[in-house]
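Only one structure is covered here, and it is reproduced in the block below.
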Amino acid sequence: MLVYTGKRLVLALLVAFTISVLSFSLLFLAGDPAAAIAGETATDQEIERIRTMFGFDRPIWLQYLEWVGRAIQGDFGRSYYFGMPVTELILSRIPVTLTLAGSAMAFALILGIPMGVIAALYPNSIIDRVALTIAVCGQALPSFWFALMLIVLFGFMIPILPPSGSESWQHFIMPTVVLGYYATPSLMRLTRTGMLEVLSADYIRTARAKGLFPRTVLFKHALRNAVIPVVSVAAVEFGFMLGGSIVIETVFALHGTGYLAWESIRRADFPTVQALILVFSLFYVVLTFVSDLLNAWLDPRIRVA
Amino acid sequence: MAVTSTTIPTMDAIVGPSPGQRLRKRVFGHRGVMIGGIILLVMVLMAVFAPLLAPHDPYSQNLANRLVPPIWHETGSWTHPLGTDQLGRDYLSRVIYGVRISLFIGISVAFVSAILGSAMGLAAGYFGGRVDLVVTFLITCRLSMPVILVALAVVALIGSSLTVVVSVLGLLLWDRFAVVMRSATMQVRALDYVASARAAGCSNARIVFSEILPNVMNPLIVVATLEIANAVLLEAALSFLGLGVQPPLPSWGLMISEGKDYLLFDPWLITIPGVLLFVLLLAINLLGDGMRDVTAPENRN
């Protein structure tokens with residue numbers, strides 16, 4: 001286990017390093033960042049002044065090292081637009097996004113796992129068909145459009161929910177549903193396949209033959225083993241949700257990191273964009289690292305491979 | 001002793017249906033493939049014959065004729081069956097032209113990412129060892145980057161156009177191709193015909209292209225189909241956020257974005273392109289999932 005953990009850790013660190021290089025070099029895609037900040041109407045002198053002010057005139061590798069060195073200490077520089085430290089800015093926005101992603105994940109699990117179990121218990125029945133149909137439709141539903149439809153329906157036609165903002169818990173209901181439904185089909189399908197596989201295993205037959213209550217067999221013996229892959233996928237999906245919340249936060253004007261990302265992208269606020277890309281990626285790296293370890297711990301066979 | 005009449009079994013009865021016939025039977029017997037295929041065919045025809053089908057020019061504005069409601073409203077008329085938008089452009093024509101953009105982006109993105117991802121996956125699966133290690137590492141890196149955020153940032157930096165959107169999405173969506181092609185290649189590589197090709201002295205390139213590639217085509221096509229859906233969805237999301245296809249092009253995502261200011265009183269402006277987007281994505285997904293069932297029944301879940 002220690003060797004496995006070590007290997008995974010090295011991989012995670014390498015990925016983190018590569019991502020940091022990529023998110024840093026993103027800035028230079030625009031050609032001249034100084035000109036981009038200065039805007040289209042700026043004169044050459046103004047651009048030159050901005051170049052020296054932000055240190056764009058130094059070698060790129062030096063700029064990178066300085067950026068990473070500070071980033072490790074939690075300093076991502078100052079936001080051009082908001083005029084405050086990027087770290088402070090992100091930290092102030094992160095609770096909203098974490099609440100949103102957390103409740104969306106809970107929503108997806110609460111919906112996906114029971115649906116998957118029921119679908120597996122009665123394979124090819126009407127329930128199974130309906131669950132699969134919902135899953136297929138769910139994957140084809142564009143989240144931003146679904147969000148707008150919910151806003152029209154529950155924000156205005158039957159005004160029971162606030163259409164935008166992030167002041168109270170009611171503001172989170174619609175975004176939660178929109179962000180959560182997207183992960184539901186995959187979790188449901190995984191639970192269903194896992195359950196179908198486990199239910200045909202010998203130890204389930206043994207448990208049944210022993211005369212255990214069907215409920216005990218189902219929950220204690222079958223579901224526990226069937227949800228192992230679900231746990232690791234849920235961790236990965238959570239990472240995607242953090243990154244994918246950008247569209248939903250924009251539609252609902254939820255002031256989380258996703259909305260911040262959109263605002264700063266539109267305003268060419270490079271330090272914030274770079275920091276956000278790095279932070280989201282690192283979240284994902286940490287989540288996969290943890291879920292790998294969790295899997296190896298649950299299933300010792302993985303450690304050897 | 002009566003001679004029992006025996007009919008001589010025909011060749012067909014002994015051999016049974018050919019693999020091609022069996023595949024065709026499975027394809028035509030699969031509801032998802034049929035429904036998805038038919039809808040997609042209609043969409044493709046709509047895209048190809050857009051100039052003939054559209055009743056008006058999708059770009060011609062008529063400010064005196066703004067926000068005409070569609071035909072099912074009392075005030076709707078047959079001149080504009082789906083009404084007009086905030087600039088008085090015929091909505092039906094725009095919607096018909098919109099399918100061109102969605103399909104064009106979907107297919108070209110899938111094409112670019114298929115080439116990138118398959119090359120990596122084939123190399124990793126065929127050579128194994130260090131190559132595999134590098135490719136797996138690249139896949140891990142790619143997966144850790146949030147697609148929408150990176151795509152938005154890059155498009156905002158370079159400036160958005162159809163070409164930029166296609167290249168950015170193409171460079172971001174190769175991961176599934178690489179993952180699937182890698183494992184498919186690994187399976188095929190271990191088979192006897194690959195070993196015999198190697199024994200016959202075939203070069204690596206020849207083995208990869210004429211022995212392995214044809215035999216990993218099925219999963220490749222399935223992934224390509226599903227990636228088209230993914231690309232269509234992402235393009236719509238980018239355009240919706242204002243950093244994808246630019247006006248006046250009639251992208252469905254952009255139309256939803258432009259219509260959202262009128263969402264309360266003229267909701268059809270967002271319902272119509274949204275429903276079409278949903279139907280298109282549903283059709284592609286049904287087709288892709290169905291083809292996976294048909295070509296690899298053992299993998300269905």
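Chain labels A, B, ... are given in the sequence in which chains occur in the structure tokens; within each chain residues are numbered consecutively from 1, and ligands are likewise numbered from 1 in the order shown.
Near stretch 49-57 of chain B, within a cut-off of 10 Å and counting only C-alpha atoms, sit the residues B:Met43, B:Val44, B:Leu45, B:Met46, B:Ala47, B:Tyr59, B:Ser60, B:Gln61, B:Thr79, B:His80, B:Pro81, B:Arg89, B:Asp90, B:Tyr91, B:Leu92, B:Ser93, B:Arg94, B:Val95, B:Ile96, B:Tyr97, B:Gly98, B:Val99, B:Arg100, with same-chain residues fewer than 2 positions away left out.
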If you take only C-alpha atoms and a cut-off of 6 Å, which residues of chain A touch chain B, and what are their nearest atom pairs and distances in Å to one decimal, in chain and number order, as JSON lines?
```
{"residue": "A:Val15", "atom": "CA", "partner": "B:Cys141", "partner_atom": "CA", "distance": 5.5}
{"residue": "A:Ala30", "atom": "CA", "partner": "B:Leu157", "partner_atom": "CA", "distance": 5.0}
{"residue": "A:Ala140", "atom": "CA", "partner": "B:Leu282", "partner_atom": "CA", "distance": 5.0}
{"residue": "A:Leu141", "atom": "CA", "partner": "B:Phe278", "partner_atom": "CA", "distance": 5.5}
{"residue": "A:Thr193", "atom": "CA", "partner": "B:Asn301", "partner_atom": "CA", "distance": 5.8}
{"residue": "A:Gly243", "atom": "CA", "partner": "B:Pro146", "partner_atom": "CA", "distance": 5.1}
{"residue": "A:Ile265", "atom": "CA", "partner": "B:Ala153", "partner_atom": "CA", "distance": 5.8}
{"residue": "A:Ser281", "atom": "CA", "partner": "B:Ser144", "partner_atom": "CA", "distance": 5.0}
{"residue": "A:Tyr284", "atom": "CA", "partner": "B:Ser144", "partner_atom": "CA", "distance": 5.5}
```
Store the residues picked out above, limited to all heavy atoms, as an mmCIF file, in the first residue's frame.
```cif
data_model
loop_
_atom_site.group_PDB
_atom_site.id
_atom_site.type_symbol
_atom_site.label_atom_id
_atom_site.label_comp_id
_atom_site.auth_asym_id
_atom_site.auth_seq_id
_atom_site.Cartn_x
_atom_site.Cartn_y
_atom_site.Cartn_z
ATOM 1 N N VAL A 15 1.546 15.592 -12.584
ATOM 2 C CA VAL A 15 0.388 16.174 -13.262
ATOM 3 C C VAL A 15 0.212 17.624 -12.805
ATOM 4 O O VAL A 15 0.027 18.530 -13.628
ATOM 5 C CB VAL A 15 -0.891 15.359 -12.976
ATOM 6 C CG1 VAL A 15 -2.120 16.076 -13.502
ATOM 7 C CG2 VAL A 15 -0.790 13.986 -13.599
ATOM 8 N N ALA A 30 -2.416 34.794 -26.198
ATOM 9 C CA ALA A 30 -2.968 36.007 -26.793
ATOM 10 C C ALA A 30 -1.895 36.775 -27.556
ATOM 11 O O ALA A 30 -2.177 37.788 -28.168
ATOM 12 C CB ALA A 30 -3.565 36.877 -25.703
ATOM 13 N N ALA A 140 -28.897 14.171 -22.811
ATOM 14 C CA ALA A 140 -29.050 14.993 -24.012
ATOM 15 C C ALA A 140 -29.559 16.395 -23.681
ATOM 16 O O ALA A 140 -29.702 17.222 -24.566
ATOM 17 C CB ALA A 140 -30.005 14.305 -24.989
ATOM 18 N N LEU A 141 -29.849 16.654 -22.411
ATOM 19 C CA LEU A 141 -30.446 17.932 -22.040
ATOM 20 C C LEU A 141 -29.351 18.972 -21.792
ATOM 21 O O LEU A 141 -28.553 18.818 -20.884
ATOM 22 C CB LEU A 141 -31.276 17.717 -20.769
ATOM 23 C CG LEU A 141 -32.333 18.731 -20.395
ATOM 24 C CD1 LEU A 141 -33.318 18.925 -21.522
ATOM 25 C CD2 LEU A 141 -33.055 18.257 -19.152
ATOM 26 N N THR A 193 -25.388 -1.602 -13.231
ATOM 27 C CA THR A 193 -24.472 -2.664 -13.681
ATOM 28 C C THR A 193 -23.840 -3.358 -12.489
ATOM 29 O O THR A 193 -23.743 -4.585 -12.465
ATOM 30 C CB THR A 193 -23.323 -2.099 -14.538
ATOM 31 O OG1 THR A 193 -23.615 -0.756 -14.862
ATOM 32 C CG2 THR A 193 -23.133 -2.899 -15.773
ATOM 33 N N GLY A 243 -15.695 22.216 -11.929
ATOM 34 C CA GLY A 243 -15.284 22.889 -13.160
ATOM 35 C C GLY A 243 -16.471 23.258 -14.026
ATOM 36 O O GLY A 243 -16.440 24.254 -14.744
ATOM 37 N N ILE A 265 -12.670 36.054 -17.192
ATOM 38 C CA ILE A 265 -12.329 35.741 -18.577
ATOM 39 C C ILE A 265 -12.770 36.884 -19.485
ATOM 40 O O ILE A 265 -12.032 37.345 -20.351
ATOM 41 C CB ILE A 265 -12.975 34.416 -19.022
ATOM 42 C CG1 ILE A 265 -12.219 33.238 -18.420
ATOM 43 C CG2 ILE A 265 -12.989 34.290 -20.538
ATOM 44 C CD1 ILE A 265 -12.875 31.908 -18.638
ATOM 45 N N SER A 281 -8.015 22.419 -11.461
ATOM 46 C CA SER A 281 -7.278 21.224 -11.865
ATOM 47 C C SER A 281 -6.720 20.505 -10.644
ATOM 48 O O SER A 281 -6.770 19.283 -10.557
ATOM 49 C CB SER A 281 -6.143 21.578 -12.812
ATOM 50 O OG SER A 281 -6.617 22.333 -13.881
ATOM 51 N N TYR A 284 -9.193 18.494 -8.884
ATOM 52 C CA TYR A 284 -9.424 17.231 -9.582
ATOM 53 C C TYR A 284 -8.302 16.244 -9.299
ATOM 54 O O TYR A 284 -8.548 15.065 -9.037
ATOM 55 C CB TYR A 284 -9.543 17.509 -11.083
ATOM 56 C CG TYR A 284 -9.885 16.288 -11.881
ATOM 57 C CD1 TYR A 284 -11.211 15.927 -12.100
ATOM 58 C CD2 TYR A 284 -8.889 15.489 -12.425
ATOM 59 C CE1 TYR A 284 -11.527 14.810 -12.821
ATOM 60 C CE2 TYR A 284 -9.200 14.367 -13.152
ATOM 61 C CZ TYR A 284 -10.531 14.032 -13.346
ATOM 62 O OH TYR A 284 -10.823 12.906 -14.061
#
```
Could you name the residues that touch B:Gly128 at 9 Å or less, counting only C-alpha atoms, but leaving out those on the same chain fewer than 5 positions away, as a PyMOL selection string?
chain B and resi 123+133+186
Can you write just those residues out, all heavy atoms, as a compact mmCIF listing (two decimals), in the first residue's frame?
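Now in out.txt:
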```txt
# COMPACT_ATOMS: atom_id res chain seq x y z
N ALA B 123 -0.67 4.25 -30.49
CA ALA B 123 0.75 4.18 -30.14
C ALA B 123 0.91 3.57 -28.75
O ALA B 123 1.73 2.65 -28.56
CB ALA B 123 1.38 5.57 -30.18
N LEU B 133 3.28 4.86 -21.01
CA LEU B 133 3.41 5.67 -19.80
C LEU B 133 3.17 7.15 -20.12
O LEU B 133 2.43 7.85 -19.43
CB LEU B 133 4.81 5.47 -19.22
CG LEU B 133 4.92 5.39 -17.71
CD1 LEU B 133 4.10 4.22 -17.21
CD2 LEU B 133 6.37 5.23 -17.31
N MET B 186 -4.66 -2.73 -27.26
CA MET B 186 -3.99 -3.73 -26.41
C MET B 186 -4.60 -5.11 -26.60
O MET B 186 -3.90 -6.11 -26.65
CB MET B 186 -4.11 -3.33 -24.95
CG MET B 186 -3.09 -2.30 -24.55
SD MET B 186 -3.36 -1.87 -22.85
CE MET B 186 -1.87 -0.99 -22.52
```
Within 12 Å of B:Leu191, counting only C-alpha atoms, which residues qualify if same-chain residues fewer than 5 places away don't, as a count of residues only?
10
Using DSSP on the backbone coordinates, identify the residues of stretch 109-288 of chain A assigned to helix (DSSP H, G or I); present them as a JSON list (two decimals) with C-alpha atoms, in the first residue's frame.
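File produced: states.json:
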```
[["chain", "number", "residue", "atom", "x", "y", "z"],
["A", 109, "LEU", "CA", -26.54, 10.19, -5.40],
["A", 110, "ILE", "CA", -29.94, 10.28, -3.70],
["A", 111, "LEU", "CA", -31.63, 9.99, -7.08],
["A", 112, "GLY", "CA", -29.11, 7.80, -8.93],
["A", 113, "ILE", "CA", -28.41, 5.01, -6.45],
["A", 114, "PRO", "CA", -32.03, 4.03, -5.62],
["A", 115, "MET", "CA", -32.97, 4.27, -9.30],
["A", 116, "GLY", "CA", -30.04, 2.05, -10.21],
["A", 117, "VAL", "CA", -30.92, -0.48, -7.49],
["A", 118, "ILE", "CA", -34.56, -0.65, -8.57],
["A", 119, "ALA", "CA", -33.58, -0.96, -12.22],
["A", 120, "ALA", "CA", -31.22, -3.82, -11.35],
["A", 121, "LEU", "CA", -33.77, -5.62, -9.18],
["A", 126, "ILE", "CA", -41.03, -1.02, -17.00],
["A", 127, "ILE", "CA", -39.17, 0.56, -14.08],
["A", 128, "ASP", "CA", -35.84, -0.36, -15.68],
["A", 129, "ARG", "CA", -36.96, 1.04, -19.02],
["A", 130, "VAL", "CA", -38.21, 4.28, -17.50],
["A", 131, "ALA", "CA", -34.97, 4.69, -15.54],
["A", 132, "LEU", "CA", -32.91, 4.11, -18.69],
["A", 133, "THR", "CA", -35.07, 6.51, -20.69],
["A", 134, "ILE", "CA", -34.60, 9.19, -18.04],
["A", 135, "ALA", "CA", -30.87, 8.53, -18.15],
["A", 136, "VAL", "CA", -30.70, 8.86, -21.94],
["A", 137, "CYS", "CA", -32.81, 12.02, -21.97],
["A", 138, "GLY", "CA", -30.81, 13.47, -19.10],
["A", 139, "GLN", "CA", -27.58, 13.15, -21.04],
["A", 140, "ALA", "CA", -29.05, 14.99, -24.01],
["A", 143, "SER", "CA", -27.78, 22.28, -18.82],
["A", 144, "PHE", "CA", -27.98, 26.01, -19.62],
["A", 145, "TRP", "CA", -31.25, 25.54, -21.48],
["A", 146, "PHE", "CA", -32.69, 23.36, -18.74],
["A", 147, "ALA", "CA", -31.70, 26.09, -16.28],
["A", 148, "LEU", "CA", -33.53, 28.77, -18.31],
["A", 149, "MET", "CA", -36.62, 26.57, -18.56],
["A", 150, "LEU", "CA", -36.64, 26.08, -14.79],
["A", 151, "ILE", "CA", -36.24, 29.84, -14.31],
["A", 152, "VAL", "CA", -39.23, 30.53, -16.54],
["A", 153, "LEU", "CA", -41.29, 27.83, -14.87],
["A", 154, "PHE", "CA", -40.47, 28.18, -11.16],
["A", 155, "GLY", "CA", -39.08, 31.69, -11.15],
["A", 156, "PHE", "CA", -41.86, 33.45, -13.02],
["A", 157, "MET", "CA", -44.83, 31.32, -14.12],
["A", 169, "TRP", "CA", -30.73, 28.42, 0.48],
["A", 170, "GLN", "CA", -33.73, 28.73, -1.85],
["A", 171, "HIS", "CA", -31.37, 30.25, -4.41],
["A", 172, "PHE", "CA", -29.49, 26.97, -4.52],
["A", 173, "ILE", "CA", -32.43, 24.68, -5.28],
["A", 174, "MET", "CA", -32.64, 25.16, -9.05],
["A", 175, "PRO", "CA", -28.85, 25.26, -9.63],
["A", 176, "THR", "CA", -28.52, 22.08, -7.56],
["A", 177, "VAL", "CA", -31.06, 20.27, -9.70],
["A", 178, "VAL", "CA", -29.48, 21.48, -12.94],
["A", 179, "LEU", "CA", -25.92, 20.60, -11.93],
["A", 180, "GLY", "CA", -26.94, 17.36, -10.24],
["A", 181, "TYR", "CA", -29.14, 15.82, -12.91],
["A", 182, "TYR", "CA", -26.20, 15.65, -15.28],
["A", 183, "ALA", "CA", -24.28, 13.26, -13.03],
["A", 184, "THR", "CA", -27.36, 11.22, -12.15],
["A", 185, "PRO", "CA", -27.52, 9.03, -15.29],
["A", 186, "SER", "CA", -23.93, 7.84, -15.07],
["A", 187, "LEU", "CA", -24.24, 7.09, -11.35],
["A", 188, "MET", "CA", -27.50, 5.29, -11.98],
["A", 189, "ARG", "CA", -26.06, 3.18, -14.77],
["A", 190, "LEU", "CA", -23.02, 2.28, -12.69],
["A", 191, "THR", "CA", -25.18, 1.25, -9.73],
["A", 192, "ARG", "CA", -27.37, -0.78, -12.04],
["A", 193, "THR", "CA", -24.47, -2.66, -13.68],
["A", 194, "GLY", "CA", -22.75, -3.13, -10.34],
["A", 195, "MET", "CA", -25.90, -4.48, -8.73],
["A", 196, "LEU", "CA", -26.65, -6.81, -11.63],
["A", 197, "GLU", "CA", -23.13, -8.20, -11.41],
["A", 198, "VAL", "CA", -23.14, -8.58, -7.64],
["A", 199, "LEU", "CA", -26.63, -10.07, -7.49],
["A", 202, "ASP", "CA", -22.19, -16.86, -5.53],
["A", 203, "TYR", "CA", -22.04, -15.21, -2.13],
["A", 204, "ILE", "CA", -25.42, -13.61, -2.70],
["A", 205, "ARG", "CA", -26.90, -17.00, -3.49],
["A", 206, "THR", "CA", -25.27, -18.34, -0.33],
["A", 207, "ALA", "CA", -26.66, -15.46, 1.71],
["A", 208, "ARG", "CA", -30.10, -16.10, 0.30],
["A", 209, "ALA", "CA", -29.82, -19.84, 0.85],
["A", 214, "PRO", "CA", -34.00, -10.30, 1.45],
["A", 215, "ARG", "CA", -33.51, -6.78, 2.73],
["A", 216, "THR", "CA", -30.33, -7.75, 4.59],
["A", 217, "VAL", "CA", -28.98, -9.49, 1.51],
["A", 218, "LEU", "CA", -29.78, -6.52, -0.63],
["A", 219, "PHE", "CA", -28.36, -3.76, 1.51],
["A", 220, "LYS", "CA", -25.64, -5.43, 3.55],
["A", 221, "HIS", "CA", -24.26, -7.85, 1.00],
["A", 222, "ALA", "CA", -25.10, -6.59, -2.46],
["A", 223, "LEU", "CA", -25.29, -2.80, -2.35],
["A", 224, "ARG", "CA", -22.11, -2.42, -0.33],
["A", 225, "ASN", "CA", -20.09, -4.15, -2.99],
["A", 226, "ALA", "CA", -21.95, -2.63, -5.88],
["A", 228, "ILE", "CA", -17.50, 0.67, -4.75],
["A", 229, "PRO", "CA", -17.12, 1.84, -8.37],
["A", 230, "VAL", "CA", -19.85, 4.41, -7.75],
["A", 231, "VAL", "CA", -17.79, 6.00, -4.98],
["A", 232, "SER", "CA", -14.76, 6.53, -7.18],
["A", 233, "VAL", "CA", -16.81, 7.83, -10.10],
["A", 234, "ALA", "CA", -18.68, 10.14, -7.73],
["A", 235, "ALA", "CA", -15.36, 11.62, -6.61],
["A", 236, "VAL", "CA", -14.36, 12.26, -10.22],
["A", 237, "GLU", "CA", -17.81, 13.66, -11.07],
["A", 238, "PHE", "CA", -17.46, 16.02, -8.13],
["A", 239, "GLY", "CA", -14.32, 17.38, -9.73],
["A", 240, "PHE", "CA", -16.17, 17.85, -13.01],
["A", 241, "MET", "CA", -19.00, 19.61, -11.19],
["A", 242, "LEU", "CA", -16.62, 22.15, -9.68],
["A", 243, "GLY", "CA", -15.28, 22.89, -13.16],
["A", 244, "GLY", "CA", -18.67, 22.66, -14.86],
["A", 245, "SER", "CA", -20.44, 24.95, -12.45],
["A", 246, "ILE", "CA", -19.25, 27.89, -14.56],
["A", 247, "VAL", "CA", -22.22, 27.67, -16.94],
["A", 248, "ILE", "CA", -24.80, 27.16, -14.22],
["A", 249, "GLU", "CA", -23.42, 29.83, -11.93],
["A", 250, "THR", "CA", -23.49, 32.26, -14.83],
["A", 251, "VAL", "CA", -27.12, 31.50, -15.68],
["A", 252, "PHE", "CA", -28.29, 31.80, -12.09],
["A", 257, "THR", "CA", -15.89, 30.61, -8.45],
["A", 258, "GLY", "CA", -17.57, 29.65, -11.74],
["A", 259, "TYR", "CA", -19.17, 33.06, -12.06],
["A", 260, "LEU", "CA", -15.87, 34.62, -11.03],
["A", 261, "ALA", "CA", -14.15, 32.67, -13.81],
["A", 262, "TRP", "CA", -16.62, 33.96, -16.38],
["A", 263, "GLU", "CA", -16.30, 37.54, -15.14],
["A", 264, "SER", "CA", -12.51, 37.44, -15.18],
["A", 265, "ILE", "CA", -12.33, 35.74, -18.58],
["A", 266, "ARG", "CA", -14.50, 38.45, -20.08],
["A", 270, "PHE", "CA", -5.22, 36.92, -16.29],
["A", 271, "PRO", "CA", -4.03, 36.30, -12.71],
["A", 272, "THR", "CA", -7.54, 35.26, -11.67],
["A", 273, "VAL", "CA", -8.10, 33.05, -14.73],
["A", 274, "GLN", "CA", -4.72, 31.33, -14.30],
["A", 275, "ALA", "CA", -5.30, 30.79, -10.60],
["A", 276, "LEU", "CA", -8.79, 29.40, -11.16],
["A", 277, "ILE", "CA", -7.66, 26.95, -13.83],
["A", 278, "LEU", "CA", -4.86, 25.79, -11.56],
["A", 279, "VAL", "CA", -7.11, 25.52, -8.51],
["A", 280, "PHE", "CA", -9.85, 23.59, -10.35],
["A", 281, "SER", "CA", -7.28, 21.22, -11.87],
["A", 282, "LEU", "CA", -5.61, 20.66, -8.52],
["A", 283, "PHE", "CA", -8.99, 19.90, -6.97],
["A", 284, "TYR", "CA", -9.42, 17.23, -9.58],
["A", 285, "VAL", "CA", -5.92, 15.86, -9.08],
["A", 286, "VAL", "CA", -6.47, 15.61, -5.33],
["A", 287, "LEU", "CA", -9.89, 14.02, -5.78],
["A", 288, "THR", "CA", -8.59, 11.34, -8.16]]
```
Please compute the atom CA of B:Gly117-atom CA of A:Ser291 distance, one decimal, in Å.
25.2 Å
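Going from atom CA of A:Gly83 to atom CA of A:Leu62 covers 24.0 Å.
Atom to atom, atom CA of B:Asn204 and atom CA of B:Pro219 stand 21.6 Å apart.
Counting only C-alpha atoms, the residue from B:Ser183, B:Thr7, B:Ser203, B:Ser167 that sits nearest to B:Leu122 is B:Ser183.
Candidate residues B:Asp85, B:Asp293, B:Asp132, B:Asp192 were compared for distance to B:Pro250, and the nearest is B:Asp85, using only C-alpha atoms.
Comparing A:Arg58, A:Leu89, A:Val68, A:Ser125 by their smallest distance to A:Ser20, the closest is A:Val68 (using only C-alpha atoms).
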